[in-house]
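Peer 1: Next comes the structure file work01.cif, holding mmCIF, C-alpha atoms.
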data_model
loop_
_atom_site.label_atom_id
_atom_site.label_comp_id
_atom_site.auth_asym_id
_atom_site.auth_seq_id
_atom_site.Cartn_x
_atom_site.Cartn_y
_atom_site.Cartn_z
CA MET A 1 -56.92 21.91 2.76
CA THR A 2 -54.06 19.75 3.95
CA SER A 3 -50.49 20.69 4.58
CA THR A 4 -47.38 18.60 4.92
CA GLN A 5 -45.75 21.37 6.92
CA PRO A 6 -46.53 21.27 10.66
CA TRP A 7 -48.22 24.37 12.06
CA THR A 8 -46.98 26.01 15.23
CA PRO A 9 -49.50 26.99 17.92
CA LEU A 10 -48.75 30.65 17.14
CA GLU A 11 -49.52 30.17 13.43
CA ILE A 12 -52.85 28.55 14.28
CA PHE A 13 -53.71 31.34 16.74
CA GLN A 14 -52.80 33.95 14.11
CA LEU A 15 -55.45 32.46 11.81
CA PHE A 16 -57.99 33.91 14.26
CA VAL A 17 -56.08 36.92 15.61
CA SER A 18 -54.02 38.41 12.81
CA MET A 19 -51.07 40.76 13.15
CA THR A 20 -53.41 43.59 12.09
CA VAL A 21 -55.67 42.95 15.08
CA ALA A 22 -52.67 42.42 17.35
CA ASP A 23 -51.17 45.74 16.21
CA THR A 24 -54.49 47.50 16.90
CA ILE A 25 -54.69 46.05 20.40
CA VAL A 26 -51.01 46.81 21.09
CA ALA A 27 -51.43 50.45 20.01
CA SER A 28 -54.63 50.88 22.03
CA THR A 29 -53.11 49.22 25.09
CA ASN A 30 -49.99 51.39 24.94
CA ALA A 31 -52.15 54.52 24.53
CA TYR A 32 -54.32 53.55 27.50
CA ALA A 33 -51.21 52.79 29.58
CA ALA A 34 -49.88 56.27 28.77
CA ARG A 35 -53.17 57.69 30.06
CA LEU A 36 -52.85 55.61 33.25
CA LYS A 37 -49.24 56.77 33.67
CA ALA A 38 -50.32 60.43 33.36
CA LYS A 39 -53.04 59.88 35.95
CA TRP A 40 -50.87 57.83 38.31
CA PRO A 41 -47.15 58.65 37.89
CA SER A 42 -46.22 55.60 39.98
CA PHE A 43 -47.77 53.31 37.33
CA ARG A 44 -44.82 51.43 35.87
CA TRP A 45 -45.04 50.76 32.16
CA TYR A 46 -42.99 50.00 29.14
CA ASN A 47 -44.74 49.52 25.84
CA VAL A 48 -46.19 46.12 25.12
CA THR A 49 -45.12 44.42 21.90
CA ALA A 50 -47.08 42.15 19.56
CA LYS A 51 -45.03 39.22 20.80
CA GLU A 52 -46.03 39.96 24.39
CA PHE A 53 -49.65 40.41 23.30
CA TYR A 54 -49.70 36.92 21.81
CA CYS A 55 -48.00 35.57 24.93
CA VAL A 56 -50.60 37.18 27.23
CA PHE A 57 -53.46 35.72 25.22
CA ALA A 58 -51.83 32.29 25.13
CA ILE A 59 -51.53 32.43 28.93
CA ILE A 60 -55.19 33.48 29.24
CA ILE A 61 -56.24 30.53 27.07
CA PHE A 62 -54.03 28.21 29.13
CA MET A 63 -55.60 29.58 32.32
CA GLY A 64 -59.01 28.71 30.90
CA MET A 65 -57.95 25.10 30.45
CA VAL A 66 -55.90 24.54 33.61
CA ASP A 67 -57.52 25.41 36.92
CA VAL A 68 -55.25 26.18 39.87
CA PRO A 69 -56.07 27.56 43.34
CA THR A 70 -54.63 31.07 42.74
CA ILE A 71 -53.35 33.09 39.81
CA SER A 72 -49.87 33.17 41.33
CA SER A 73 -49.89 29.33 41.21
CA TYR A 74 -49.50 29.55 37.44
CA TRP A 75 -46.01 30.98 38.04
CA SER A 76 -45.13 28.51 40.79
CA SER A 77 -41.85 26.64 40.44
CA ASP A 78 -43.76 23.48 41.46
CA SER A 79 -44.88 21.95 38.17
CA PHE A 80 -47.66 19.94 39.81
CA PHE A 81 -50.27 21.83 37.79
CA GLY A 82 -48.37 21.49 34.50
CA GLN A 83 -47.66 25.19 34.18
CA ASP A 84 -44.28 24.66 32.54
CA PHE A 85 -45.90 26.36 29.55
CA ILE A 86 -46.12 29.64 31.48
CA GLN A 87 -42.63 29.26 32.92
CA GLU A 88 -41.26 28.76 29.40
CA SER A 89 -43.17 31.76 28.03
CA GLY A 90 -40.75 34.13 29.75
CA MET A 91 -43.65 36.32 30.92
CA SER A 92 -43.35 37.25 34.58
CA ARG A 93 -46.44 37.37 36.77
CA ASN A 94 -45.94 41.09 37.37
CA ARG A 95 -45.63 41.89 33.66
CA PHE A 96 -48.71 39.80 32.91
CA ALA A 97 -50.73 41.68 35.55
CA ASN A 98 -49.33 45.00 34.30
CA ILE A 99 -50.42 44.30 30.72
CA LEU A 100 -53.85 43.11 31.83
CA SER A 101 -54.38 46.32 33.81
CA ALA A 102 -53.85 48.39 30.65
CA LEU A 103 -55.33 46.02 28.06
CA HIS A 104 -57.52 48.03 25.71
CA ILE A 105 -58.91 46.89 22.38
CA CYS A 106 -60.59 49.91 20.83
CA ASP A 107 -59.37 53.40 19.97
CA LEU A 108 -59.32 55.64 23.06
CA GLU A 109 -60.87 58.68 21.40
CA GLU A 110 -63.74 56.60 20.01
CA ASP A 111 -64.19 55.03 23.44
CA ASP A 112 -64.27 58.46 25.13
CA GLU A 113 -66.87 59.74 22.66
CA ASN A 114 -68.93 56.58 23.08
CA GLN A 115 -68.87 57.03 26.87
CA ARG A 116 -70.00 60.66 26.51
CA LYS A 117 -72.92 59.54 24.33
CA LYS A 118 -73.86 56.90 26.88
CA GLY A 119 -73.69 59.47 29.70
CA ARG A 120 -75.97 61.88 27.82
CA GLY A 121 -78.45 59.13 27.06
CA ASP A 122 -77.71 59.32 23.32
CA LYS A 123 -77.44 56.28 21.08
CA TYR A 124 -74.07 54.64 21.68
CA ASP A 125 -72.29 51.46 20.61
CA PRO A 126 -72.42 48.94 23.49
CA LEU A 127 -69.91 46.71 21.68
CA LEU A 128 -67.37 49.40 20.80
CA LYS A 129 -64.76 48.06 23.21
CA VAL A 130 -64.55 44.77 21.32
CA ARG A 131 -65.61 45.95 17.85
CA PRO A 132 -62.09 45.79 16.27
CA VAL A 133 -61.88 42.07 17.06
CA MET A 134 -65.52 41.44 16.08
CA GLU A 135 -65.05 43.08 12.70
CA HIS A 136 -61.96 41.04 12.05
CA LEU A 137 -63.62 37.76 12.95
#
As structure tokens, what does this structure read like?
Peer 2:
Amino acid sequence: MTSTQPWTPLEIFQLFVSMTVADTIVASTNAYAARLKAKWPSFRWYNVTAKEFYCVFAIIIFMGMVDVPTISSYWSSDSFFGQDFIQESGMSRNRFANILSALHICDLEEDDENQRKKGRGDKYDPLLKVRPVMEHL
């Protein structure tokens, strides 16, 4: 299939990770962050959006292609490593780290039940944490 209309990087990425999957990950991440906040009141969080989700994954893909000495180098004002992409994303290093710390793909209740099964030695789903993305792909 050919198209005369140019595709944006986001549109190409959304061919693999649809809004449905993004919404699932966003909801699971926000739910897990709420659990972290209840456990550690000092945990700072405001709900992640689908736009931020796509931005985080774009940064992760970029990090896989561009190797720098430290993670903080990706947010350096020195563009020696070509990280203008990250600077232009508008995602701060602290927000990126905050989202990564709460990133959760599967439903929390299903995950809890799966962990209980594993702890008891019952049959459990070893791929449950990534199953929503697997099923989509």
Peer 1: On this structure, the PyMOL selection byres ((chain A and resi 89-100) around 12) would catch which residues? List them as number ranges by chain, sorted by chain and number.
Peer 2: A: 25-26, 28-30, 32-33, 36-37, 43-60, 62, 70-76, 83-88, 101-105
Peer 1: Atom CA of Met63 of chain A and atom CA of Ala34 of chain A are how many Å apart?
Peer 2: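 Atom-to-atom, atom CA of Met63 of chain A to atom CA of Ala34 of chain A, that is 27.5 Å.
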Peer 1: Quick one: distance from atom CA of Val66 of chain A to atom CA of His136 of chain A in Å, one decimal?
Peer 2: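 Taking atom CA of Val66 of chain A as the start and atom CA of His136 of chain A as the end point, the length is 27.8 Å.
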Peer 1: So how far away is atom CA of Leu128 of chain A from atom CA of Ala22 of chain A, in Å?
Peer 2: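 The value is 16.6 Å.
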Peer 1: Starting from the PyMOL selection byres ((chain A and resi 135) around 12), expand the selection into actual residues of this file and give them as a PyMOL selection string.
Peer 2: chain A and resi 16-18+20-21+106+127-134+136-137
Peer 1: Padding 6 Å on each side, edges along x, y and z: where is the centre of the box around the listed atoms of segment 107-119 of chain A, and how long are its edges in Å to one decimal? Output it as AutoDock Vina command-line options.
Peer 2:
--center_x -66.6 --center_y 57.0 --center_z 24.8 --size_x 26.5 --size_y 19.3 --size_z 21.7
Peer 1: For segment 112-115 of chain A, work out the shell of residues within 6 Å, counting all atoms listed in the file and skipping chain neighbours fewer than 3 positions away, then give it as a PyMOL selection string.
Peer 2: chain A and resi 109+118+124
Peer 1: Save the residues we just selected, C-alpha atoms, as a CSV table (one decimal), in the frame of the given file?
Peer 2:
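Result file is out_9.csv:
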chain,number,residue,atom,x,y,z
A,109,GLU,CA,-60.9,58.7,21.4
A,118,LYS,CA,-73.9,56.9,26.9
A,124,TYR,CA,-74.1,54.6,21.7
